[in-house]
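Below is the file query.cif, which contains mmCIF, C-alpha atoms.
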data_upload
loop_
_atom_site.group_PDB
_atom_site.id
_atom_site.type_symbol
_atom_site.label_atom_id
_atom_site.label_comp_id
_atom_site.auth_asym_id
_atom_site.auth_seq_id
_atom_site.Cartn_x
_atom_site.Cartn_y
_atom_site.Cartn_z
ATOM 1 C CA MET A 1 -3.422 20.306 35.470
ATOM 2 C CA LYS A 2 -2.443 16.752 36.384
ATOM 3 C CA ASP A 3 1.117 15.734 35.537
ATOM 4 C CA LEU A 4 0.913 12.780 33.177
ATOM 5 C CA SER A 5 4.612 12.190 32.652
ATOM 6 C CA GLY A 6 4.782 9.732 35.535
ATOM 7 C CA LEU A 7 2.031 7.490 34.149
ATOM 8 C CA GLY A 8 2.712 4.070 32.679
ATOM 9 C CA GLU A 9 2.372 3.114 29.040
ATOM 10 C CA SER A 10 -1.031 1.438 29.329
ATOM 11 C CA GLU A 11 -2.541 4.305 31.383
ATOM 12 C CA LEU A 12 -1.337 6.842 28.839
ATOM 13 C CA ILE A 13 -2.772 4.791 25.980
ATOM 14 C CA GLU A 14 -6.090 4.488 27.780
ATOM 15 C CA LEU A 15 -6.242 8.248 28.352
ATOM 16 C CA ALA A 16 -5.270 8.927 24.730
ATOM 17 C CA ARG A 17 -8.045 6.587 23.609
ATOM 18 C CA GLU A 18 -10.472 8.657 25.636
ATOM 19 C CA GLY A 19 -9.359 11.715 23.671
ATOM 20 C CA ASN A 20 -6.746 13.114 26.042
ATOM 21 C CA ASP A 21 -4.236 14.710 23.667
ATOM 22 C CA ARG A 22 -1.839 15.592 26.471
ATOM 23 C CA ALA A 23 -1.465 11.880 27.192
ATOM 24 C CA PHE A 24 -0.679 11.279 23.542
ATOM 25 C CA GLY A 25 1.861 14.113 23.719
ATOM 26 C CA VAL A 26 3.609 12.322 26.594
ATOM 27 C CA ILE A 27 3.737 9.146 24.484
ATOM 28 C CA VAL A 28 5.308 11.137 21.622
ATOM 29 C CA SER A 29 7.932 12.650 23.934
ATOM 30 C CA ARG A 30 8.712 9.254 25.410
ATOM 31 C CA TYR A 31 9.233 7.459 22.097
ATOM 32 C CA GLU A 32 10.454 10.304 19.883
ATOM 33 C CA GLN A 33 14.118 9.312 20.267
ATOM 34 C CA GLN A 34 13.460 5.658 19.520
ATOM 35 C CA VAL A 35 11.495 6.474 16.361
ATOM 36 C CA ALA A 36 14.191 8.999 15.370
ATOM 37 C CA ARG A 37 16.911 6.338 15.668
ATOM 38 C CA THR A 38 14.981 4.060 13.320
ATOM 39 C CA ALA A 39 13.888 6.692 10.786
ATOM 40 C CA ILE A 40 17.168 8.622 10.654
ATOM 41 C CA GLY A 41 19.191 5.395 10.756
ATOM 42 C CA MET A 42 17.274 4.167 7.733
ATOM 43 C CA LEU A 43 16.924 7.411 5.746
ATOM 44 C CA GLY A 44 19.695 9.638 7.058
ATOM 45 C CA ASP A 45 19.132 13.041 8.616
ATOM 46 C CA THR A 46 16.656 14.105 5.944
ATOM 47 C CA ASP A 47 13.190 15.610 5.616
ATOM 48 C CA GLU A 48 11.926 12.154 4.658
ATOM 49 C CA ALA A 49 13.091 10.808 8.032
ATOM 50 C CA GLU A 50 11.121 13.537 9.820
ATOM 51 C CA ASP A 51 8.075 12.755 7.654
ATOM 52 C CA VAL A 52 8.379 9.055 8.504
ATOM 53 C CA GLY A 53 8.684 9.964 12.191
ATOM 54 C CA GLN A 54 5.541 12.084 12.082
ATOM 55 C CA GLU A 55 3.630 9.512 10.042
ATOM 56 C CA THR A 56 4.604 6.799 12.555
ATOM 57 C CA PHE A 57 2.922 8.641 15.409
ATOM 58 C CA ILE A 58 -0.060 9.726 13.300
ATOM 59 C CA ARG A 59 -0.671 6.111 12.251
ATOM 60 C CA PHE A 60 -0.424 5.036 15.851
ATOM 61 C CA TYR A 61 -2.909 7.759 16.820
ATOM 62 C CA ARG A 62 -5.352 6.527 14.169
ATOM 63 C CA SER A 63 -5.011 2.932 15.331
ATOM 64 C CA LEU A 64 -5.072 3.632 19.084
ATOM 65 C CA HIS A 65 -8.259 1.613 19.492
ATOM 66 C CA LYS A 66 -6.668 -1.344 17.671
ATOM 67 C CA PHE A 67 -3.512 -1.471 19.805
ATOM 68 C CA ARG A 68 -3.902 -4.455 22.100
ATOM 69 C CA GLY A 69 -0.515 -4.228 23.779
ATOM 70 C CA GLU A 70 0.675 -7.639 22.596
ATOM 71 C CA SER A 71 4.094 -6.125 21.971
ATOM 72 C CA ALA A 72 5.735 -3.243 23.798
ATOM 73 C CA LEU A 73 4.706 0.151 22.458
ATOM 74 C CA GLY A 74 8.309 0.957 21.515
ATOM 75 C CA THR A 75 8.522 -2.197 19.419
ATOM 76 C CA TYR A 76 5.137 -1.455 17.828
ATOM 77 C CA LEU A 77 6.255 2.057 16.867
ATOM 78 C CA THR A 78 9.625 0.793 15.622
ATOM 79 C CA ARG A 79 7.829 -1.713 13.401
ATOM 80 C CA ILE A 80 5.701 1.071 11.873
ATOM 81 C CA ALA A 81 8.759 3.302 11.440
ATOM 82 C CA ILE A 82 10.871 0.608 9.780
ATOM 83 C CA ASN A 83 8.080 -0.342 7.370
ATOM 84 C CA LEU A 84 7.418 3.279 6.460
ATOM 85 C CA SER A 85 11.166 3.838 5.941
ATOM 86 C CA LEU A 86 11.434 0.817 3.643
ATOM 87 C CA ASN A 87 8.385 2.087 1.703
ATOM 88 C CA GLU A 88 10.030 5.497 1.399
ATOM 89 C CA ILE A 89 13.245 3.919 0.077
ATOM 90 C CA ASN A 90 11.266 1.904 -2.490
ATOM 91 C CA LYS A 91 9.389 5.036 -3.540
ATOM 92 C CA LYS A 92 12.708 6.861 -3.984
ATOM 93 C CA LYS A 93 14.139 3.970 -5.993
ATOM 94 C CA LYS A 94 11.136 4.073 -8.327
ATOM 95 C CA THR A 95 11.499 7.841 -8.802
ATOM 96 C CA ILE A 96 15.222 7.438 -9.535
ATOM 97 C CA SER A 97 14.550 4.700 -12.092
ATOM 98 C CA LEU A 98 12.067 7.041 -13.808
ATOM 99 C CA PHE A 99 14.732 9.692 -14.228
ATOM 100 C CA TYR A 100 17.680 7.483 -15.112
ATOM 101 C CA LYS A 101 17.792 4.899 -17.858
ATOM 102 C CA ASN A 102 18.931 1.343 -17.152
ATOM 103 C CA GLY A 103 22.432 1.243 -15.707
ATOM 104 C CA GLU A 104 22.736 5.017 -15.813
ATOM 105 C CA THR A 105 22.677 6.499 -12.319
ATOM 106 C CA ASP A 106 23.754 9.589 -10.522
ATOM 107 C CA GLU A 107 27.106 8.387 -9.232
ATOM 108 C CA SER A 108 27.153 10.827 -6.350
ATOM 109 C CA MET A 109 24.253 8.916 -4.809
ATOM 110 C CA TYR A 110 26.373 5.808 -4.370
ATOM 111 C CA GLU A 111 29.718 7.477 -3.791
ATOM 112 C CA VAL A 112 32.058 5.442 -1.622
ATOM 113 C CA PRO A 113 34.285 7.497 0.644
ATOM 114 C CA GLN A 114 37.885 7.682 -0.461
ATOM 115 C CA PRO A 115 40.706 8.485 1.929
ATOM 116 C CA GLY A 116 41.867 12.053 1.615
ATOM 117 C CA ASP A 117 38.785 13.505 -0.037
ATOM 118 C CA LYS A 118 36.485 16.011 1.647
ATOM 119 C CA PHE A 119 34.143 13.209 2.623
ATOM 120 C CA ALA A 120 36.836 11.292 4.489
ATOM 121 C CA GLU A 121 37.823 14.363 6.437
ATOM 122 C CA ALA A 122 34.463 14.534 8.193
ATOM 123 C CA ASP A 123 34.134 12.934 11.599
ATOM 124 C CA SER A 124 33.826 9.181 11.970
ATOM 125 C CA LYS A 125 30.202 9.259 13.039
ATOM 126 C CA GLU A 126 29.217 11.183 9.948
ATOM 127 C CA GLN A 127 31.136 8.722 7.810
ATOM 128 C CA ILE A 128 29.392 5.791 9.443
ATOM 129 C CA ASP A 129 26.097 7.537 8.718
ATOM 130 C CA LYS A 130 27.022 7.891 5.053
ATOM 131 C CA ALA A 131 28.279 4.305 4.952
ATOM 132 C CA LEU A 132 24.990 3.117 6.431
ATOM 133 C CA GLN A 133 23.104 4.889 3.679
ATOM 134 C CA GLN A 134 25.173 3.058 1.080
ATOM 135 C CA ILE A 135 24.384 -0.466 2.114
ATOM 136 C CA ASP A 136 21.327 -2.328 0.870
ATOM 137 C CA PRO A 137 18.156 -1.198 2.738
ATOM 138 C CA ASP A 138 17.403 -4.791 3.784
ATOM 139 C CA PHE A 139 20.840 -5.035 5.403
ATOM 140 C CA ARG A 140 20.496 -1.538 6.821
ATOM 141 C CA SER A 141 17.257 -2.414 8.567
ATOM 142 C CA VAL A 142 18.904 -5.231 10.540
ATOM 143 C CA ILE A 143 21.837 -2.985 11.477
ATOM 144 C CA VAL A 144 19.465 -0.254 12.640
ATOM 145 C CA LEU A 145 17.395 -2.619 14.758
ATOM 146 C CA ARG A 146 20.229 -4.712 16.133
ATOM 147 C CA LEU A 147 23.012 -2.180 16.626
ATOM 148 C CA ILE A 148 21.287 1.186 16.851
ATOM 149 C CA GLU A 149 18.039 0.208 18.599
ATOM 150 C CA GLY A 150 19.715 -2.603 20.503
ATOM 151 C CA TYR A 151 17.127 -5.310 19.846
ATOM 152 C CA SER A 152 18.226 -8.929 20.105
ATOM 153 C CA THR A 153 18.508 -10.919 16.885
ATOM 154 C CA ARG A 154 15.263 -12.717 17.759
ATOM 155 C CA GLU A 155 13.396 -9.438 18.339
ATOM 156 C CA THR A 156 14.855 -8.058 15.102
ATOM 157 C CA ALA A 157 13.561 -11.116 13.242
ATOM 158 C CA LYS A 158 10.117 -10.647 14.790
ATOM 159 C CA ILE A 159 9.930 -6.947 13.933
ATOM 160 C CA LEU A 160 11.007 -7.547 10.340
ATOM 161 C CA ASN A 161 8.903 -10.679 10.086
ATOM 162 C CA LEU A 162 11.915 -12.673 8.892
ATOM 163 C CA PRO A 163 13.380 -16.031 9.900
ATOM 164 C CA LEU A 164 16.186 -15.748 12.465
ATOM 165 C CA GLY A 165 18.663 -17.291 10.001
ATOM 166 C CA THR A 166 17.968 -14.565 7.442
ATOM 167 C CA VAL A 167 18.527 -11.859 10.052
ATOM 168 C CA LEU A 168 21.815 -13.445 11.119
ATOM 169 C CA SER A 169 23.115 -13.763 7.576
ATOM 170 C CA ARG A 170 22.022 -10.195 6.722
ATOM 171 C CA LEU A 171 23.736 -8.922 9.848
ATOM 172 C CA SER A 172 26.913 -10.695 8.940
ATOM 173 C CA ARG A 173 26.864 -9.426 5.348
ATOM 174 C CA ALA A 174 25.907 -5.916 6.416
ATOM 175 C CA GLN A 175 28.853 -5.738 8.792
ATOM 176 C CA LYS A 176 31.194 -6.983 6.098
ATOM 177 C CA ASN A 177 29.874 -4.348 3.679
ATOM 178 C CA LEU A 178 30.197 -1.605 6.257
ATOM 179 C CA ARG A 179 33.688 -2.736 7.132
ATOM 180 C CA GLU A 180 34.691 -2.621 3.445
ATOM 181 C CA ILE A 181 33.255 0.871 2.983
ATOM 182 C CA LEU A 182 34.933 2.106 6.146
ATOM 183 C CA THR A 183 38.324 0.482 5.543
ATOM 184 C CA SER A 184 40.058 3.835 5.583
ATOM 185 C CA LEU A 185 38.332 4.977 8.730
ATOM 186 C CA ILE A 186 38.730 2.179 11.251
ATOM 187 C CA MET B 1 45.335 -12.505 4.690
ATOM 188 C CA ILE B 2 42.471 -13.762 6.870
ATOM 189 C CA GLU B 3 40.894 -17.023 5.820
ATOM 190 C CA LYS B 4 37.335 -16.417 4.559
ATOM 191 C CA GLU B 5 35.827 -19.040 6.866
ATOM 192 C CA LEU B 6 37.519 -17.560 9.928
ATOM 193 C CA TYR B 7 36.363 -14.072 8.998
ATOM 194 C CA GLU B 8 32.785 -15.363 8.642
ATOM 195 C CA LEU B 9 33.050 -16.988 12.059
ATOM 196 C CA LEU B 10 34.392 -13.807 13.567
ATOM 197 C CA VAL B 11 31.565 -11.660 12.175
ATOM 198 C CA ARG B 12 28.968 -14.244 13.195
ATOM 199 C CA SER B 13 30.371 -14.510 16.721
ATOM 200 C CA PHE B 14 29.058 -11.022 17.570
ATOM 201 C CA ASP B 15 25.392 -11.899 17.063
ATOM 202 C CA ASP B 16 25.063 -15.638 16.766
ATOM 203 C CA GLU B 17 25.893 -18.410 19.169
ATOM 204 C CA LEU B 18 28.645 -20.514 17.661
ATOM 205 C CA ASN B 19 28.699 -24.235 18.330
ATOM 206 C CA SER B 20 31.512 -25.569 20.495
ATOM 207 C CA GLY B 21 33.585 -26.670 17.492
ATOM 208 C CA GLU B 22 33.294 -23.270 15.817
ATOM 209 C CA LYS B 23 34.057 -21.504 19.095
ATOM 210 C CA ARG B 24 37.227 -23.540 19.596
ATOM 211 C CA LYS B 25 38.324 -22.924 16.033
ATOM 212 C CA LEU B 26 37.823 -19.166 16.347
ATOM 213 C CA GLU B 27 39.547 -18.947 19.731
ATOM 214 C CA LYS B 28 42.520 -20.878 18.385
ATOM 215 C CA ALA B 29 42.729 -18.650 15.327
ATOM 216 C CA LEU B 30 42.434 -15.488 17.431
ATOM 217 C CA ALA B 31 45.233 -16.687 19.676
ATOM 218 C CA SER B 32 47.544 -17.296 16.760
ATOM 219 C CA SER B 33 46.677 -14.487 14.334
ATOM 220 C CA GLY B 34 47.366 -10.850 15.149
ATOM 221 C CA GLU B 35 45.574 -9.842 11.953
ATOM 222 C CA LEU B 36 42.375 -11.575 13.068
ATOM 223 C CA ARG B 37 42.631 -9.990 16.523
ATOM 224 C CA SER B 38 43.012 -6.559 14.952
ATOM 225 C CA GLU B 39 40.028 -7.261 12.674
ATOM 226 C CA LYS B 40 37.958 -8.211 15.730
ATOM 227 C CA LYS B 41 38.916 -4.936 17.371
ATOM 228 C CA LYS B 42 37.962 -2.983 14.257
ATOM 229 C CA ILE B 43 34.549 -4.624 14.053
ATOM 230 C CA GLN B 44 34.014 -3.970 17.762
ATOM 231 C CA THR B 45 34.928 -0.307 17.250
ATOM 232 C CA MET B 46 32.581 -0.034 14.301
ATOM 233 C CA ARG B 47 29.726 -1.583 16.283
ATOM 234 C CA LYS B 48 30.432 0.719 19.236
ATOM 235 C CA ILE B 49 30.390 3.823 17.036
ATOM 236 C CA ILE B 50 27.136 2.729 15.395
ATOM 237 C CA ALA B 51 25.525 1.908 18.752
ATOM 238 C CA SER B 52 26.594 5.214 20.291
ATOM 239 C CA LYS B 53 25.074 7.334 17.570
ATOM 240 C CA GLN B 54 22.547 9.842 18.861
ATOM 241 C CA TYR B 55 19.647 10.551 16.570
ATOM 242 C CA SER B 56 16.960 13.136 17.134
ATOM 243 C CA PHE B 57 14.445 15.042 15.087
ATOM 244 C CA ASN B 58 14.574 18.819 14.799
ATOM 245 C CA PRO B 59 13.295 20.667 17.902
ATOM 246 C CA GLY B 60 9.516 21.020 18.111
ATOM 247 C CA PHE B 61 8.808 17.536 16.754
ATOM 248 C CA LYS B 62 6.112 16.862 19.357
ATOM 249 C CA ASN B 63 4.371 20.165 18.592
ATOM 250 C CA ARG B 64 4.346 19.381 14.891
ATOM 251 C CA ILE B 65 2.705 16.034 15.630
ATOM 252 C CA MET B 66 0.103 17.643 17.880
ATOM 253 C CA VAL B 67 -0.717 20.240 15.187
ATOM 254 C CA ARG B 68 -1.232 17.419 12.676
ATOM 255 C CA ILE B 69 -3.463 15.571 15.126
ATOM 256 C CA GLU B 70 -5.514 18.732 15.649
ATOM 257 C CA GLU B 71 -5.889 19.084 11.858
ATOM 258 C CA GLU B 72 -6.786 15.413 11.594
ATOM 259 C CA LYS B 73 -9.498 15.857 14.227
ATOM 260 C CA LYS B 74 -10.913 18.927 12.448
ATOM 261 C CA SER B 75 -11.052 17.126 9.112
ATOM 262 C CA PHE B 76 -12.666 14.147 10.835
ATOM 263 C CA ILE B 77 -15.334 16.434 12.323
ATOM 264 C CA LEU B 78 -15.885 18.058 8.905
ATOM 265 C CA LYS B 79 -16.122 14.642 7.274
ATOM 266 C CA SER B 80 -18.554 13.307 9.846
ATOM 267 C CA ASP B 81 -20.642 16.514 9.582
ATOM 268 C CA PHE B 82 -20.769 16.067 5.821
ATOM 269 C CA ASN B 83 -21.687 12.387 6.216
ATOM 270 C CA ARG B 84 -24.420 13.246 8.717
ATOM 271 C CA THR B 85 -25.892 15.896 6.383
ATOM 272 C CA LEU B 86 -25.706 13.511 3.443
ATOM 273 C CA PHE B 87 -27.382 10.789 5.480
ATOM 274 C CA SER B 88 -30.222 13.034 6.656
ATOM 275 C CA VAL B 89 -30.837 14.280 3.090
ATOM 276 C CA PHE B 90 -30.769 10.713 1.819
ATOM 277 C CA LYS B 91 -33.151 9.639 4.590
ATOM 278 C CA ARG B 92 -35.669 12.308 3.582
ATOM 279 C CA VAL B 93 -35.392 11.416 -0.121
ATOM 280 C CA ALA B 94 -35.758 7.722 0.682
ATOM 281 C CA LEU B 95 -38.803 8.290 2.921
ATOM 282 C CA THR B 96 -40.460 10.458 0.261
ATOM 283 C CA GLY B 97 -39.785 7.719 -2.298
ATOM 284 C CA VAL B 98 -41.274 5.035 -0.084
ATOM 285 C CA ALA B 99 -44.360 7.216 0.580
ATOM 286 C CA ALA B 100 -44.779 7.819 -3.170
ATOM 287 C CA ILE B 101 -44.595 4.077 -3.869
ATOM 288 C CA ILE B 102 -47.204 3.325 -1.157
ATOM 289 C CA ILE B 103 -49.564 6.008 -2.531
ATOM 290 C CA LEU B 104 -49.091 4.636 -6.049
ATOM 291 C CA LEU B 105 -49.848 1.079 -4.906
ATOM 292 C CA LEU B 106 -52.917 2.249 -3.010
ATOM 293 C CA SER B 107 -54.227 4.232 -5.963
ATOM 294 C CA ILE B 108 -53.726 1.212 -8.250
ATOM 295 C CA TYR B 109 -55.523 -1.038 -5.835
ATOM 296 C CA LEU B 110 -58.386 1.415 -5.326
ATOM 297 C CA SER B 111 -58.913 1.858 -9.061
ATOM 298 C CA ASP B 112 -58.603 -1.831 -10.101
ATOM 299 C CA TYR B 113 -59.143 -3.719 -6.814
ATOM 300 C CA SER B 114 -56.226 -5.875 -7.832
ATOM 301 C CA PHE B 115 -52.430 -6.031 -7.855
ATOM 302 C CA SER B 116 -52.232 -7.979 -11.120
ATOM 303 C CA LEU B 117 -49.655 -7.215 -13.794
ATOM 304 C CA ASP B 118 -52.343 -5.695 -15.986
ATOM 305 C CA SER B 119 -53.352 -3.262 -13.271
ATOM 306 C CA PHE B 120 -49.718 -2.156 -13.000
ATOM 307 C CA THR B 121 -49.110 -1.860 -16.741
ATOM 308 C CA GLY B 122 -52.521 -0.384 -17.428
ATOM 309 C CA GLY B 123 -53.363 -3.179 -19.930
ATOM 310 C CA ASP B 124 -56.885 -4.382 -20.575
ATOM 311 C CA PRO B 125 -57.463 -7.667 -18.736
ATOM 312 C CA TYR B 126 -59.854 -8.848 -21.488
ATOM 313 C CA SER B 127 -57.549 -8.203 -24.440
ATOM 314 C CA ASP B 128 -55.054 -10.772 -25.764
ATOM 315 C CA ASP B 129 -52.269 -11.091 -23.239
ATOM 316 C CA ASN B 130 -49.902 -12.072 -25.952
ATOM 317 C CA LEU B 131 -48.234 -9.043 -27.424
ATOM 318 C CA VAL B 132 -47.488 -10.795 -30.721
ATOM 319 C CA SER B 133 -51.087 -11.748 -31.303
ATOM 320 C CA TYR B 134 -52.093 -8.232 -30.382
ATOM 321 C CA LEU B 135 -49.732 -6.838 -33.014
ATOM 322 C CA LEU B 136 -50.925 -9.365 -35.553
ATOM 323 C CA TYR B 137 -54.472 -8.298 -34.834
ATOM 324 C CA GLU B 138 -53.452 -4.688 -35.449
ATOM 325 C CA ASP B 139 -51.909 -5.782 -38.805
ATOM 326 C CA LEU B 140 -55.080 -7.555 -39.880
ATOM 327 C CA ASN B 141 -57.124 -4.457 -39.195
ATOM 328 C CA ASP B 142 -54.847 -2.241 -41.351
#

Please express the file's structure as structure tokens.
Amino acid sequence: MKDLSGLGESELIELAREGNDRAFGVIVSRYEQQVARTAIGMLGDTDEAEDVGQETFIRFYRSLHKFRGESALGTYLTRIAINLSLNEINKKKKTISLFYKNGETDESMYEVPQPGDKFAEADSKEQIDKALQQIDPDFRSVIVLRLIEGYSTRETAKILNLPLGTVLSRLSRAQKNLREILTSLI
Amino acid sequence: MIEKELYELLVRSFDDELNSGEKRKLEKALASSGELRSEKKKIQTMRKIIASKQYSFNPGFKNRIMVRIEEEKKSFILKSDFNRTLFSVFKRVALTGVAAIIILLLSIYLSDYSFSLDSFTGGDPYSDDNLVSYLLYEDLND
């Protein structure tokens, strides 16, 4: 069987379009980490993140014939993953608001780490993860794309379909929020 | 206590290009304030930790995707089989309907040698074509 792992993005897409599932498998392996960074960065290490990851690739599979390669495949997949993650967060918010009356929430969901408690004893990376989950999803999305995925501010703006100024101000506010939450840690 | 404006400049300086005036102001403040320098270091550390985070799905992610794709293909085949069957049944029904209409038209034409409204409705061409007068006529006869 021919080794497909050495093939380029466009060749793999072409083969996948022709029905070669092994080629699609190579695409999944190649971009799994990138999609994981976006989905887990946005939703935490949860089942929902895995679902978003799977759905990202399934949607890409369904729209293989529509993909024209105007943007890099990684960026295309990241865009799907970030949109699906934001949808998932909105869905969750709606479910929460169905269960809790106005102003009445489950406090543990928005718990801010306090020095000395069990939460603060965990390692710094875990705390950053928790802190990320506490900031507004719109701010979180720019942090995920800019700091975790490493996109430039311009690319981040393009992926999120936002003006550059909005991305810059969200980045600035997100970092301030994170810094406040992590005061005890850093 | 760090001045709010300087803090904003510091945070912005990581992602945005500051103009020369802002750059000078921030550099000057960094040179004179240990607190601001320490804040810069903390933000840098935070950004480094975030950037270095390794995320991955549970093992077997690719296989799970491929299983879903296989299922998707099967359901697509089932759907298209169903659509094909439905279409062929519909085609037969439609053809039978068209044939029935043609036979009906032919039989009407052969019996009346015309396609007039009366030949379709079965009305008498010599009777009053006005329904009201026909009914009135019926009334008069009663």

Quick one: contact table of chain B to chain A, 8 Å max, nearest atom pair and distance in Å to one decimal per residue, counting all atoms listed in the file, chain and number order, as a tab-separated table?
residue	atom	partner	partner_atom	distance
B:Glu8	CA	A:Ser172	CA	7.5
B:Val11	CA	A:Ser172	CA	5.7
B:Arg12	CA	A:Ser172	CA	5.9
B:Asp15	CA	A:Thr153	CA	7.0
B:Asp16	CA	A:Leu168	CA	6.9
B:Lys42	CA	A:Ile186	CA	6.0
B:Ile43	CA	A:Arg179	CA	7.2
B:Thr45	CA	A:Ile186	CA	7.5
B:Met46	CA	A:Ile186	CA	7.2
B:Arg47	CA	A:Leu147	CA	6.7
B:Ile49	CA	A:Lys125	CA	6.7
B:Ile50	CA	A:Ile148	CA	6.2
B:Ala51	CA	A:Ile148	CA	4.7
B:Ser52	CA	A:Ile148	CA	7.5
B:Lys53	CA	A:Lys125	CA	7.1
B:Gln54	CA	A:Arg37	CA	7.4
B:Tyr55	CA	A:Arg37	CA	5.1
B:Ser56	CA	A:Ala36	CA	5.3
B:Phe57	CA	A:Ala36	CA	6.1
B:Phe61	CA	A:Gln54	CA	7.9
B:Lys62	CA	A:Val28	CA	6.2
B:Arg64	CA	A:Gln54	CA	7.9
B:Ile65	CA	A:Gln54	CA	6.0
B:Met66	CA	A:Gly25	CA	7.0
B:Arg68	CA	A:Ile58	CA	7.8
B:Ile69	CA	A:Ile58	CA	7.0

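Atom to atom, CA of Ser141 (chain A) and CA of Glu3 (chain B) stand 27.9 Å apart.
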
Ground truth for the PyMOL selection byres ((chain A and resi 66-71) around 12), written as a count of residues only: 25

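CA of Leu86 (chain A) lies 13.4 Å from CA of Asn161 (chain A).
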
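If you look at CA of Leu30 (chain B) and CA of Glu17 (chain B), they are 16.9 Å away from each other.
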
Would you pick out the contacts of Leu36 (chain B) at 8 Å or less, using all atoms listed in the file, so that residues sharing its chain but fewer than 5 positions from it are not included, and give the list as a PyMOL selection string? chain B and resi 2+7+29-30

Extract region 44-57 of chain A from the coordinates I pasted, and write it as an mmCIF file, in the first residue's frame (atoms kept: N, CA, C and O atoms).
data_model
loop_
_atom_site.group_PDB
_atom_site.id
_atom_site.type_symbol
_atom_site.label_atom_id
_atom_site.label_comp_id
_atom_site.auth_asym_id
_atom_site.auth_seq_id
_atom_site.Cartn_x
_atom_site.Cartn_y
_atom_site.Cartn_z
ATOM 1 N N GLY A 44 -12.026 23.396 27.497
ATOM 2 C CA GLY A 44 -11.381 22.610 28.543
ATOM 3 C C GLY A 44 -11.290 21.158 28.101
ATOM 4 O O GLY A 44 -11.805 20.788 27.035
ATOM 5 N N ASP A 45 -10.602 20.352 28.914
ATOM 6 C CA ASP A 45 -10.422 18.948 28.547
ATOM 7 C C ASP A 45 -11.702 18.180 28.863
ATOM 8 O O ASP A 45 -11.789 17.458 29.856
ATOM 9 N N THR A 46 -12.704 18.351 28.030
ATOM 10 C CA THR A 46 -14.022 17.772 28.300
ATOM 11 C C THR A 46 -14.494 16.922 27.123
ATOM 12 O O THR A 46 -13.886 16.945 26.054
ATOM 13 N N ASP A 47 -15.599 16.217 27.350
ATOM 14 C CA ASP A 47 -16.183 15.411 26.265
ATOM 15 C C ASP A 47 -16.654 16.318 25.134
ATOM 16 O O ASP A 47 -16.607 15.956 23.964
ATOM 17 N N GLU A 48 -17.131 17.510 25.519
ATOM 18 C CA GLU A 48 -17.617 18.459 24.500
ATOM 19 C C GLU A 48 -16.491 18.841 23.549
ATOM 20 O O GLU A 48 -16.712 18.991 22.347
ATOM 21 N N ALA A 49 -15.275 18.999 24.106
ATOM 22 C CA ALA A 49 -14.125 19.368 23.262
ATOM 23 C C ALA A 49 -13.854 18.255 22.253
ATOM 24 O O ALA A 49 -13.589 18.523 21.077
ATOM 25 N N GLU A 50 -13.927 17.021 22.708
ATOM 26 C CA GLU A 50 -13.717 15.871 21.797
ATOM 27 C C GLU A 50 -14.818 15.868 20.719
ATOM 28 O O GLU A 50 -14.539 15.655 19.537
ATOM 29 N N ASP A 51 -16.062 16.124 21.157
ATOM 30 C CA ASP A 51 -17.168 16.145 20.186
ATOM 31 C C ASP A 51 -16.937 17.228 19.129
ATOM 32 O O ASP A 51 -17.165 17.001 17.940
ATOM 33 N N VAL A 52 -16.502 18.410 19.605
ATOM 34 C CA VAL A 52 -16.231 19.514 18.675
ATOM 35 C C VAL A 52 -15.109 19.117 17.716
ATOM 36 O O VAL A 52 -15.183 19.366 16.508
ATOM 37 N N GLY A 53 -14.086 18.457 18.244
ATOM 38 C CA GLY A 53 -12.972 18.000 17.411
ATOM 39 C C GLY A 53 -13.465 17.053 16.323
ATOM 40 O O GLY A 53 -13.127 17.216 15.142
ATOM 41 N N GLN A 54 -14.273 16.079 16.725
ATOM 42 C CA GLN A 54 -14.784 15.116 15.743
ATOM 43 C C GLN A 54 -15.660 15.816 14.704
ATOM 44 O O GLN A 54 -15.527 15.609 13.514
ATOM 45 N N GLU A 55 -16.558 16.672 15.210
ATOM 46 C CA GLU A 55 -17.492 17.369 14.323
ATOM 47 C C GLU A 55 -16.733 18.245 13.320
ATOM 48 O O GLU A 55 -17.154 18.379 12.164
ATOM 49 N N THR A 56 -15.614 18.831 13.759
ATOM 50 C CA THR A 56 -14.808 19.673 12.869
ATOM 51 C C THR A 56 -14.362 18.877 11.644
ATOM 52 O O THR A 56 -14.519 19.313 10.502
ATOM 53 N N PHE A 57 -13.826 17.684 11.906
ATOM 54 C CA PHE A 57 -13.332 16.872 10.785
ATOM 55 C C PHE A 57 -14.484 16.307 9.941
ATOM 56 O O PHE A 57 -14.362 16.200 8.721
#
